[in-house]
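What follows is the content of query-v6.pdb (PDB, C-alpha atoms and all ligand atoms).
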ATOM      1  CA  MET A   1      15.582 -24.264 -26.597
ATOM      2  CA  SER A   2      13.310 -22.014 -24.522
ATOM      3  CA  ILE A   3      14.632 -19.746 -21.758
ATOM      4  CA  THR A   4      14.556 -21.090 -18.175
ATOM      5  CA  TYR A   5      12.013 -20.030 -15.561
ATOM      6  CA  GLU A   6      14.706 -17.943 -13.789
ATOM      7  CA  GLU A   7      15.492 -16.129 -17.038
ATOM      8  CA  PHE A   8      11.790 -15.555 -17.669
ATOM      9  CA  LYS A   9      11.332 -14.090 -14.192
ATOM     10  CA  ARG A  10      14.336 -11.812 -14.682
ATOM     11  CA  GLU A  11      13.065 -10.579 -18.064
ATOM     12  CA  ALA A  12       9.499 -10.189 -16.781
ATOM     13  CA  SER A  13      10.877  -8.164 -13.836
ATOM     14  CA  ARG A  14      12.580  -5.840 -16.286
ATOM     15  CA  LEU A  15       9.394  -5.534 -18.301
ATOM     16  CA  CYS A  16       7.161  -4.735 -15.296
ATOM     17  CA  GLY A  17       9.757  -2.457 -13.688
ATOM     18  CA  THR A  18       9.520  -4.415 -10.453
ATOM     19  CA  ASP A  19      11.804  -7.111  -9.119
ATOM     20  CA  LEU A  20       9.644 -10.237  -8.981
ATOM     21  CA  PHE A  21      12.383 -11.954  -6.957
ATOM     22  CA  LEU A  22      11.535  -9.640  -4.042
ATOM     23  CA  TYR A  23       8.092 -11.230  -3.709
ATOM     24  CA  LYS A  24       7.729 -14.504  -1.777
ATOM     25  CA  SER A  25       8.649 -17.084  -4.372
ATOM     26  CA  GLN A  26       6.047 -19.764  -3.611
ATOM     27  CA  GLN A  27       3.072 -17.426  -4.070
ATOM     28  CA  MET A  28       4.649 -15.589  -6.981
ATOM     29  CA  ASP A  29       5.580 -18.782  -8.822
ATOM     30  CA  ARG A  30       2.115 -20.201  -8.286
ATOM     31  CA  ARG A  31       0.463 -17.107  -9.755
ATOM     32  CA  ILE A  32       2.824 -16.899 -12.728
ATOM     33  CA  HIS A  33       2.213 -20.539 -13.601
ATOM     34  CA  ALA A  34      -1.548 -20.304 -13.035
ATOM     35  CA  LEU A  35      -1.753 -17.564 -15.685
ATOM     36  CA  MET A  36       0.546 -19.475 -17.998
ATOM     37  CA  SER A  37      -1.703 -22.526 -18.018
ATOM     38  CA  PHE A  38      -4.870 -20.376 -18.139
ATOM     39  CA  TRP A  39      -3.606 -18.784 -21.370
ATOM     40  CA  GLY A  40      -2.491 -22.185 -22.713
ATOM     41  CA  ILE A  41       1.147 -21.070 -23.032
ATOM     42  CA  SER A  42       3.632 -23.926 -23.193
ATOM     43  CA  ASP A  43       7.043 -22.274 -22.793
ATOM     44  CA  TYR A  44       8.624 -19.191 -21.222
ATOM     45  CA  ASP A  45       9.740 -17.673 -24.540
ATOM     46  CA  GLU A  46       6.149 -17.587 -25.720
ATOM     47  CA  TYR A  47       5.010 -16.273 -22.316
ATOM     48  CA  LEU A  48       7.481 -13.395 -22.495
ATOM     49  CA  ASN A  49       6.501 -12.623 -26.051
ATOM     50  CA  VAL A  50       2.821 -12.441 -25.062
ATOM     51  CA  LEU A  51       3.680  -9.998 -22.259
ATOM     52  CA  LYS A  52       5.680  -7.834 -24.655
ATOM     53  CA  THR A  53       3.136  -7.726 -27.466
ATOM     54  CA  ASN A  54      -0.270  -7.998 -25.824
ATOM     55  CA  ALA A  55      -1.060  -4.947 -23.675
ATOM     56  CA  SER A  56      -4.195  -6.360 -22.046
ATOM     57  CA  ARG A  57      -2.434  -9.606 -21.080
ATOM     58  CA  TYR A  58       0.473  -7.601 -19.708
ATOM     59  CA  GLN A  59      -1.977  -5.599 -17.537
ATOM     60  CA  GLU A  60      -3.627  -8.827 -16.419
ATOM     61  CA  PHE A  61      -0.200 -10.262 -15.524
ATOM     62  CA  VAL A  62       0.702  -7.255 -13.322
ATOM     63  CA  LYS A  63      -2.732  -7.294 -11.742
ATOM     64  CA  ARG A  64      -2.707 -11.016 -10.903
ATOM     65  CA  LEU A  65       0.765 -10.830  -9.395
ATOM     66  CA  THR A  66      -0.142  -7.971  -7.111
ATOM     67  CA  ILE A  67      -3.618  -9.009  -5.919
ATOM     68  CA  ASN A  68      -5.583  -5.906  -5.017
ATOM     69  CA  VAL A  69      -8.327  -6.955  -2.648
ATOM     70  CA  SER A  70      -9.381  -4.085  -0.383
ATOM     71  CA  GLU A  71     -12.385  -2.791   1.511
ATOM     72  CA  PHE A  72     -13.602   0.315   3.334
ATOM     73  CA  PHE A  73     -12.697   0.394   7.032
ATOM     74  CA  ARG A  74     -10.871  -2.917   6.671
ATOM     75  CA  ASN A  75     -10.241  -4.193  10.230
ATOM     76  CA  PRO A  76     -12.622  -1.616  11.769
ATOM     77  CA  ASP A  77     -10.833  -1.615  15.154
ATOM     78  CA  ARG A  78      -7.717  -0.131  13.552
ATOM     79  CA  PHE A  79      -9.784   2.560  11.810
ATOM     80  CA  MET A  80     -11.524   3.346  15.103
ATOM     81  CA  GLU A  81      -8.135   3.859  16.711
ATOM     82  CA  LEU A  82      -7.151   6.144  13.850
ATOM     83  CA  TRP A  83     -10.388   8.064  14.322
ATOM     84  CA  GLU A  84     -10.372   8.346  18.104
ATOM     85  CA  LYS A  85      -6.688   8.540  18.941
ATOM     86  CA  ILE A  86      -4.045   8.744  16.224
ATOM     87  CA  LEU A  87      -5.549  11.387  13.899
ATOM     88  CA  PRO A  88      -6.776  13.687  16.695
ATOM     89  CA  GLU A  89      -3.266  13.551  18.155
ATOM     90  CA  LEU A  90      -1.610  14.324  14.813
ATOM     91  CA  LEU A  91      -4.077  17.145  14.215
ATOM     92  CA  GLN A  92      -2.924  18.847  17.394
ATOM     93  CA  ARG A  93       0.483  19.359  15.814
ATOM     94  CA  PRO A  94       1.067  22.566  13.848
ATOM     95  CA  GLY A  95       0.783  22.607  10.054
ATOM     96  CA  LEU A  96      -0.639  20.120   7.594
ATOM     97  CA  VAL A  97      -0.908  16.442   8.453
ATOM     98  CA  ARG A  98       0.584  14.348   5.656
ATOM     99  CA  ILE A  99      -0.921  10.909   5.171
ATOM    100  CA  TRP A 100       0.316   8.308   2.704
ATOM    101  CA  SER A 101      -1.662   5.187   1.833
ATOM    102  CA  ALA A 102       1.001   2.966   0.227
ATOM    103  CA  GLY A 103      -0.466   0.092  -1.806
ATOM    104  CA  CYS A 104      -3.877   1.780  -1.828
ATOM    105  CA  SER A 105      -5.544  -0.550  -4.337
ATOM    106  CA  ASN A 106      -9.084   0.552  -5.326
ATOM    107  CA  GLY A 107      -9.021   3.599  -3.029
ATOM    108  CA  ALA A 108     -11.144   2.142  -0.218
ATOM    109  CA  GLU A 109      -8.299   2.702   2.261
ATOM    110  CA  PRO A 110      -7.460   6.386   1.558
ATOM    111  CA  TYR A 111     -11.162   7.200   1.101
ATOM    112  CA  SER A 112     -11.885   5.691   4.545
ATOM    113  CA  VAL A 113      -9.259   8.080   5.939
ATOM    114  CA  ALA A 114     -10.879  11.000   4.078
ATOM    115  CA  ILE A 115     -14.242  10.084   5.643
ATOM    116  CA  ILE A 116     -12.709  10.079   9.135
ATOM    117  CA  LEU A 117     -11.009  13.436   8.527
ATOM    118  CA  ASN A 118     -14.271  14.909   7.314
ATOM    119  CA  GLU A 119     -16.056  13.583  10.382
ATOM    120  CA  LEU A 120     -13.312  15.222  12.480
ATOM    121  CA  LYS A 121     -13.885  18.444  10.483
ATOM    122  CA  ALA A 122     -10.225  18.402   9.584
ATOM    123  CA  LEU A 123     -10.181  17.712   5.851
ATOM    124  CA  ASP A 124      -8.494  21.071   5.203
ATOM    125  CA  ARG A 125      -5.735  20.252   7.649
ATOM    126  CA  ALA A 126      -4.579  17.121   5.844
ATOM    127  CA  VAL A 127      -2.986  16.015   2.596
ATOM    128  CA  ILE A 128      -3.725  12.450   1.495
ATOM    129  CA  LEU A 129      -1.427  10.733  -0.967
ATOM    130  CA  ALA A 130      -2.436   7.279  -2.226
ATOM    131  CA  THR A 131      -0.093   5.150  -4.309
ATOM    132  CA  ASP A 132      -0.063   1.766  -5.977
ATOM    133  CA  ILE A 133       2.033  -0.069  -8.545
ATOM    134  CA  ASP A 134      -1.049  -1.037 -10.567
ATOM    135  CA  GLN A 135      -2.123   1.667 -13.010
ATOM    136  CA  GLU A 136      -5.457   0.002 -13.736
ATOM    137  CA  ILE A 137      -6.534  -0.174 -10.087
ATOM    138  CA  LEU A 138      -5.481   3.475  -9.667
ATOM    139  CA  GLU A 139      -7.850   4.444 -12.458
ATOM    140  CA  LYS A 140     -10.658   2.618 -10.688
ATOM    141  CA  ALA A 141      -9.718   4.348  -7.436
ATOM    142  CA  ARG A 142      -9.808   7.781  -9.082
ATOM    143  CA  LYS A 143     -13.303   7.092 -10.440
ATOM    144  CA  GLY A 144     -14.542   6.174  -6.970
ATOM    145  CA  LEU A 145     -17.325   3.913  -8.279
ATOM    146  CA  TYR A 146     -18.011   0.787  -6.252
ATOM    147  CA  TYR A 147     -20.337  -2.195  -6.508
ATOM    148  CA  ALA A 148     -22.684  -2.896  -3.597
ATOM    149  CA  ASN A 149     -20.467  -5.710  -2.320
ATOM    150  CA  GLU A 150     -17.482  -3.330  -2.204
ATOM    151  CA  VAL A 151     -19.194  -0.882   0.154
ATOM    152  CA  LYS A 152     -20.899  -3.437   2.372
ATOM    153  CA  SER A 153     -18.166  -3.175   5.031
ATOM    154  CA  LEU A 154     -19.085   0.483   5.669
ATOM    155  CA  PRO A 155     -21.279   1.440   8.617
ATOM    156  CA  PRO A 156     -24.712   2.162   7.002
ATOM    157  CA  ASP A 157     -24.816   5.798   8.184
ATOM    158  CA  LEU A 158     -21.457   6.542   6.559
ATOM    159  CA  ARG A 159     -22.493   4.762   3.361
ATOM    160  CA  GLU A 160     -25.633   6.898   3.241
ATOM    161  CA  LYS A 161     -23.716  10.084   3.859
ATOM    162  CA  TYR A 162     -20.736   9.624   1.512
ATOM    163  CA  PHE A 163     -22.103   7.584  -1.410
ATOM    164  CA  GLN A 164     -24.674   8.334  -4.066
ATOM    165  CA  LYS A 165     -26.366   5.495  -5.924
ATOM    166  CA  GLU A 166     -25.540   5.757  -9.684
ATOM    167  CA  GLY A 167     -27.042   2.840 -11.622
ATOM    168  CA  ASP A 168     -25.235  -0.304 -10.506
ATOM    169  CA  PHE A 169     -22.670   1.702  -8.586
ATOM    170  CA  PHE A 170     -22.192   3.549  -5.345
ATOM    171  CA  ALA A 171     -20.343   6.762  -6.249
ATOM    172  CA  PHE A 172     -18.033   8.193  -3.607
ATOM    173  CA  SER A 173     -18.527  11.837  -2.626
ATOM    174  CA  PRO A 174     -16.863  14.042  -5.320
ATOM    175  CA  GLU A 175     -15.872  16.553  -2.643
ATOM    176  CA  LEU A 176     -13.889  14.008  -0.644
ATOM    177  CA  LYS A 177     -12.614  12.262  -3.756
ATOM    178  CA  ARG A 178     -10.823  15.439  -4.783
ATOM    179  CA  ARG A 179      -8.852  15.387  -1.527
ATOM    180  CA  VAL A 180      -6.999  12.195  -2.378
ATOM    181  CA  ASP A 181      -4.044  12.430  -4.731
ATOM    182  CA  PHE A 182      -3.539   9.071  -6.504
ATOM    183  CA  LYS A 183      -0.133   8.325  -8.004
ATOM    184  CA  LYS A 184       1.653   5.336  -9.473
ATOM    185  CA  HIS A 185       4.515   4.278  -7.209
ATOM    186  CA  ASN A 186       6.530   1.098  -6.865
ATOM    187  CA  LEU A 187       7.475   0.479  -3.238
ATOM    188  CA  LEU A 188      10.376  -1.701  -4.317
ATOM    189  CA  LEU A 189      11.897   0.814  -6.684
ATOM    190  CA  ASP A 190      10.761   4.426  -6.450
ATOM    191  CA  PRO A 191      11.937   7.095  -3.983
ATOM    192  CA  PHE A 192       9.586   7.545  -1.027
ATOM    193  CA  PRO A 193       7.667  10.761  -0.340
ATOM    194  CA  GLN A 194       9.165  12.411   2.739
ATOM    195  CA  GLU A 195       7.932  14.355   5.811
ATOM    196  CA  GLN A 196       4.901  12.110   6.302
ATOM    197  CA  ASP A 197       2.941  12.027   9.566
ATOM    198  CA  LEU A 198       1.110   8.777   8.930
ATOM    199  CA  VAL A 199       2.027   5.969   6.552
ATOM    200  CA  ILE A 200      -0.604   3.288   6.036
ATOM    201  CA  CYS A 201       0.793   0.195   4.391
ATOM    202  CA  ARG A 202      -1.483  -2.774   4.913
ATOM    203  CA  ASN A 203      -1.693  -6.156   3.286
ATOM    204  CA  VAL A 204       1.074  -5.319   0.854
ATOM    205  CA  VAL A 205       4.288  -6.550   2.497
ATOM    206  CA  ILE A 206       2.804 -10.020   3.051
ATOM    207  CA  TYR A 207       3.837 -10.734  -0.531
ATOM    208  CA  PHE A 208       7.427  -9.512  -0.059
ATOM    209  CA  THR A 209      10.561 -11.402   0.999
ATOM    210  CA  GLU A 210      12.195 -10.673   4.379
ATOM    211  CA  GLU A 211      14.954  -8.764   2.579
ATOM    212  CA  ALA A 212      12.451  -6.520   0.807
ATOM    213  CA  LYS A 213      10.483  -5.926   4.042
ATOM    214  CA  ASN A 214      13.666  -5.007   5.868
ATOM    215  CA  LYS A 215      14.449  -2.296   3.318
ATOM    216  CA  LEU A 216      10.851  -1.111   3.260
ATOM    217  CA  TYR A 217      10.546  -0.603   7.029
ATOM    218  CA  ARG A 218      13.776   1.423   7.061
ATOM    219  CA  GLU A 219      12.490   3.571   4.221
ATOM    220  CA  PHE A 220       9.097   4.042   5.870
ATOM    221  CA  ASN A 221      10.901   5.202   9.005
ATOM    222  CA  GLN A 222      12.908   7.709   6.973
ATOM    223  CA  ALA A 223       9.757   8.894   5.206
ATOM    224  CA  LEU A 224       8.103   9.770   8.533
ATOM    225  CA  ARG A 225       8.531  12.871  10.653
ATOM    226  CA  MET A 226       9.668  12.205  14.213
ATOM    227  CA  GLY A 227       6.642  11.012  16.200
ATOM    228  CA  GLY A 228       4.792   9.998  13.031
ATOM    229  CA  TYR A 229       3.016   6.642  12.732
ATOM    230  CA  LEU A 230       3.161   3.585  10.533
ATOM    231  CA  LEU A 231      -0.009   1.486  10.371
ATOM    232  CA  THR A 232       0.499  -2.089   9.164
ATOM    233  CA  GLY A 233      -1.944  -4.893   8.308
ATOM    234  CA  GLY A 234      -3.403  -7.158  10.992
ATOM    235  CA  THR A 235      -1.247 -10.105   9.939
ATOM    236  CA  GLU A 236       1.934  -8.078   9.434
ATOM    237  CA  PRO A 237       3.434  -7.356  12.846
ATOM    238  CA  ILE A 238       6.963  -5.916  12.732
ATOM    239  CA  LEU A 239       8.951  -8.140  15.077
ATOM    240  CA  TYR A 240      12.145  -6.107  15.440
ATOM    241  CA  TYR A 241      10.537  -2.670  15.207
ATOM    242  CA  ARG A 242      13.257  -0.991  17.323
ATOM    243  CA  GLN A 243      15.898  -1.876  14.786
ATOM    244  CA  TYR A 244      14.002   0.285  12.271
ATOM    245  CA  GLY A 245      13.550   3.161  14.726
ATOM    246  CA  PHE A 246       9.947   2.424  15.783
ATOM    247  CA  GLU A 247       8.099   1.876  19.060
ATOM    248  CA  ASN A 248       5.051  -0.379  19.008
ATOM    249  CA  VAL A 249       2.318   1.817  20.491
ATOM    250  CA  SER A 250      -0.621  -0.537  19.923
ATOM    251  CA  LEU A 251      -1.674  -3.390  17.695
ATOM    252  CA  SER A 252      -0.475  -2.514  14.160
ATOM    253  CA  PHE A 253       0.598   1.062  15.040
ATOM    254  CA  TYR A 254       4.315   1.901  15.147
ATOM    255  CA  GLN A 255       5.604   5.328  16.102
ATOM    256  CA  LYS A 256       8.861   6.809  14.830
ATOM    257  CA  ARG A 257      11.187   7.362  17.760
ATOM    258  CA  GLY A 258      14.567   7.495  16.001
ATOM    259  CA  LEU A 259      17.115   4.787  15.391
ATOM    260  CA  PRO A 260      19.003   3.104  18.238
ATOM    261  CA  GLN A 261      22.607   4.257  18.452
ATOM    262  CA  PRO A 262      24.928   1.894  16.579
ATOM    263  CA  GLU A 263      27.469   0.369  19.007
ATOM    264  CA  GLU A 264      30.477   1.782  17.139
ATOM    265  CA  GLU A 265      29.001   5.273  17.330
ATOM    266  CA  VAL A 266      28.477   5.023  21.098
ATOM    267  CA  LEU A 267      32.042   3.712  21.478
ATOM    268  CA  ARG A 268      33.535   6.433  19.273
ATOM    269  CA  ARG A 269      31.762   9.157  21.255
ATOM    270  CA  SER A 270      32.985   7.776  24.566
ATOM    271  CA  LEU A 271      36.626   7.893  23.392
ATOM    272  CA  PRO A 272      38.651  10.986  24.351
TER
HETATM  273  C1  LIG B 301      -4.143  -6.599  -1.004
HETATM  274  S1  LIG B 301      -3.996  -4.974  -1.651
HETATM  275  C2  LIG B 301      -4.046  -4.002  -0.177
HETATM  276  C3  LIG B 301      -4.923  -2.792  -0.316
HETATM  277  C4  LIG B 301      -5.117  -1.979   0.971
HETATM  278  N1  LIG B 301      -3.861  -1.497   1.467
HETATM  279  C5  LIG B 301      -5.843  -2.776   2.030
HETATM  280  O1  LIG B 301      -5.222  -3.249   2.972
HETATM  281  O2  LIG B 301      -7.060  -2.951   1.896
HETATM  282  C6  LIG B 301      -2.268  -4.906  -2.101
HETATM  283  C7  LIG B 301      -1.926  -3.779  -3.050
HETATM  284  O3  LIG B 301      -0.507  -3.644  -3.082
HETATM  285  C8  LIG B 301      -0.134  -3.275  -4.387
HETATM  286  N2  LIG B 301       1.282  -3.587  -4.600
HETATM  287  C9  LIG B 301       1.867  -4.806  -4.761
HETATM  288  N3  LIG B 301       3.189  -4.675  -4.966
HETATM  289  C10 LIG B 301       3.448  -3.333  -4.916
HETATM  290  C11 LIG B 301       4.628  -2.556  -5.071
HETATM  291  N4  LIG B 301       5.789  -3.137  -5.316
HETATM  292  N5  LIG B 301       4.529  -1.211  -4.952
HETATM  293  C12 LIG B 301       3.323  -0.614  -4.716
HETATM  294  N6  LIG B 301       2.169  -1.299  -4.575
HETATM  295  C13 LIG B 301       2.230  -2.639  -4.676
HETATM  296  C14 LIG B 301      -1.067  -4.092  -5.266
HETATM  297  O4  LIG B 301      -1.190  -3.551  -6.565
HETATM  298  C15 LIG B 301      -2.363  -4.044  -4.472
HETATM  299  O5  LIG B 301      -3.219  -3.022  -4.916
END
What do you get writing this file as structure tokens?
Ligand SMILES: C[S@@+](CC[C@H](N)C(=O)[O-])C[C@H]1O[C@@H](n2cnc3c(N)ncnc32)[C@H](O)[C@@H]1O
Amino acid sequence: MSITYEEFKREASRLCGTDLFLYKSQQMDRRIHALMSFWGISDYDEYLNVLKTNASRYQEFVKRLTINVSEFFRNPDRFMELWEKILPELLQRPGLVRIWSAGCSNGAEPYSVAIILNELKALDRAVILATDIDQEILEKARKGLYYANEVKSLPPDLREKYFQKEGDFFAFSPELKRRVDFKKHNLLLDPFPQEQDLVICRNVVIYFTEEAKNKLYREFNQALRMGGYLLTGGTEPILYYRQYGFENVSLSFYQKRGLPQPEEEVLRRSLP
């Protein structure tokens, strides 16, 4: 008798090094089963075996489960606010500005930030870390080669200035490319980089359960310096931001202001 779906999901989680139960089950289950029927696999034992023995199918599995659609200056209003308000404010602080694009996909997000920093003449003042769980998409990001449809969201003057046509591709400026440090990182498992001034995590948590999001927001808060910002996706407002130590400063921007005092702590301090 073949293993159950639950057992398959548990084993596949172990194999991928990420807990598939922390992703919203409806979407996750749909994607897992879509691949299963696409590959003509009839039971979960066989499915698991394919993932263990066939490297390209394993890669495809990870990729399909963690869809990596992205674009340059995605939701331009948010990038304009970064450009005109948030980054200039962070740049007024002493020392290097640490920026982390978490779930960076093909690099369009951290490279958009690099473009803004260059326009602000502040590339030397910042460190940009870009992470994703998907090794394959990170390799694409490091190459910085994009098809025409992947750069169409860029304002034409910026596309002209920062991309060189190379055959079928638009190649991102090597000088700016060097400024982004791409690393593999699983948001549900790995320790978070600390002392960040700006964390950009957009269109990633939509796939996570409430429990996983809860943990993530706390960890993002800890990863930030006091007064640092978290930028979320347009459809990912944080409802109870104060409980994670944030203030909502504008649409999608949350500033670290410290955690509210737990009631017991306030009580203990007021006792003689
Ligand atoms: C839809 S893309 C978002 C890309 C970019 N942030 C944007 O908004 O354009 C989601 C990315 O999250 C990544 N991802 C999914 N689960 C992850 C996890 N547990 N840890 C790190 N990255 C993850 C996927 O590989 C994918 O590249």
Place a sphere of radius 9 Å on (-21.7, 12.6, -3.5) in the file coordinates and name every protein, DNA or RNA residue with an atom inside or on its surface, counting all atoms listed in the file; give the answer as an MDAnalysis selection string. chainID A and resid 161:165 171:176
Between A:Arg225, A:Arg64, A:His33, A:Arg125, which residue has the minimum interatomic distance to ligand LIG 301 (chain B), considering all atoms listed in the file?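 Of A:Arg225, A:Arg64, A:His33, A:Arg125, the one nearest ligand LIG 301 (chain B) is A:Arg64, counting all atoms listed in the file.
Using all atoms listed in the file for every distance, the candidate list A:Phe72, A:Phe169, A:Tyr217, A:Phe192 yields A:Phe72 as the residue closest to ligand LIG 301 (chain B).
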Distance query Phe208 (chain A) at most 9 Å, all atoms listed in the file, self and fewer than 6 positions along chain excluded, as a ChimeraX atom specification: /A:21-25
Let me see if you get this right: every residue at most 8 Å from ligand LIG 301 (chain B), counting only C-alpha atoms and all ligand atoms, written as a ChimeraX atom specification. /A:18,62-63,65-72,74,101-109,131-134,137,184-189,200-205,207,233
Run the PyMOL selection byres (((chain A and resi 2-16) around 9) and not hetatm) against the file shown and list the residues it catches, as a VMD selection string. chain A and resid 1 17 to 21 43 to 48 51 to 52 58 62
Selected residues written out with C-alpha atoms, as a short mmCIF file (atom, residue, chain, number, x, y, z; two decimals), in the frame of the given file:
data_model
loop_
_atom_site.label_atom_id
_atom_site.label_comp_id
_atom_site.auth_asym_id
_atom_site.auth_seq_id
_atom_site.Cartn_x
_atom_site.Cartn_y
_atom_site.Cartn_z
CA MET A 1 15.58 -24.26 -26.60
CA GLY A 17 9.76 -2.46 -13.69
CA THR A 18 9.52 -4.42 -10.45
CA ASP A 19 11.80 -7.11 -9.12
CA LEU A 20 9.64 -10.24 -8.98
CA PHE A 21 12.38 -11.95 -6.96
CA ASP A 43 7.04 -22.27 -22.79
CA TYR A 44 8.62 -19.19 -21.22
CA ASP A 45 9.74 -17.67 -24.54
CA GLU A 46 6.15 -17.59 -25.72
CA TYR A 47 5.01 -16.27 -22.32
CA LEU A 48 7.48 -13.40 -22.50
CA LEU A 51 3.68 -10.00 -22.26
CA LYS A 52 5.68 -7.83 -24.66
CA TYR A 58 0.47 -7.60 -19.71
CA VAL A 62 0.70 -7.26 -13.32
#
Any idea what the distance is between CA of Ala141 (chain A) and CA of Lys183 (chain A)?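 Computed distance, CA of Ala141 (chain A) to CA of Lys183 (chain A), equals 10.4 Å.
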Coordinates-based distance that separates CA of Leu154 (chain A) from CA of Phe73 (chain A) (Å, one decimal): 6.5 Å
Select all residues near (-8.2, 7.4, 15.3) (cut-off 12 Å, inclusive, file coordinates), counting only C-alpha atoms, and output them as a PyMOL selection string. chain A and resi 73+76-91+112-113+115-117+119-120+198+229+231+250+253
Got time to write the residues from that selection, C-alpha atoms, as a short mmCIF file (atom, residue, chain, number, x, y, z; two decimals), keeping the file's coordinate frame?
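Result file is part_6.cif:
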data_model
loop_
_atom_site.label_atom_id
_atom_site.label_comp_id
_atom_site.auth_asym_id
_atom_site.auth_seq_id
_atom_site.Cartn_x
_atom_site.Cartn_y
_atom_site.Cartn_z
CA PHE A 73 -12.70 0.39 7.03
CA PRO A 76 -12.62 -1.62 11.77
CA ASP A 77 -10.83 -1.62 15.15
CA ARG A 78 -7.72 -0.13 13.55
CA PHE A 79 -9.78 2.56 11.81
CA MET A 80 -11.52 3.35 15.10
CA GLU A 81 -8.14 3.86 16.71
CA LEU A 82 -7.15 6.14 13.85
CA TRP A 83 -10.39 8.06 14.32
CA GLU A 84 -10.37 8.35 18.10
CA LYS A 85 -6.69 8.54 18.94
CA ILE A 86 -4.04 8.74 16.22
CA LEU A 87 -5.55 11.39 13.90
CA PRO A 88 -6.78 13.69 16.70
CA GLU A 89 -3.27 13.55 18.16
CA LEU A 90 -1.61 14.32 14.81
CA LEU A 91 -4.08 17.14 14.22
CA SER A 112 -11.88 5.69 4.54
CA VAL A 113 -9.26 8.08 5.94
CA ILE A 115 -14.24 10.08 5.64
CA ILE A 116 -12.71 10.08 9.14
CA LEU A 117 -11.01 13.44 8.53
CA GLU A 119 -16.06 13.58 10.38
CA LEU A 120 -13.31 15.22 12.48
CA LEU A 198 1.11 8.78 8.93
CA TYR A 229 3.02 6.64 12.73
CA LEU A 231 -0.01 1.49 10.37
CA SER A 250 -0.62 -0.54 19.92
CA PHE A 253 0.60 1.06 15.04
#
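Between Tyr254 (chain A) and the candidates A:Gly228, A:Gly234, A:Pro110, A:Pro94, the tightest atom-to-atom separation, counting all atoms listed in the file, involves A:Gly228.
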One-decimal distance in Å that lies between CA of Ile128 (chain A) and CA of Trp100 (chain A):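 Interatomic distance here is 5.9 Å.
Distance annotation: of A:Ser153, A:Ala126, A:Glu139, A:Phe246, the residue with the minimal separation from Arg93 (chain A) is A:Ala126; atom set is only C-alpha atoms.
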Looking at all atoms listed in the file, which of A:Gly245, A:Gly144, A:Pro193, A:Pro237 is the one that sits closest to Ile206 (chain A)? A:Pro237
Calculated over all atoms listed in the file, which of the candidates A:Lys177, A:Phe170, A:Leu216, A:Gln243 has the smallest distance to Asn149 (chain A)?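 Among the listed residues, the smallest separation from Asn149 (chain A) belongs to A:Phe170.
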Listed atoms of region 247-256 of chain A, axis-aligned box, 3 Å per side: centre and edge lengths to one decimal in Å, as AutoDock Vina command-line options?
--center_x 3.6 --center_y 1.7 --center_z 17.3 --size_x 16.5 --size_y 16.2 --size_z 12.3
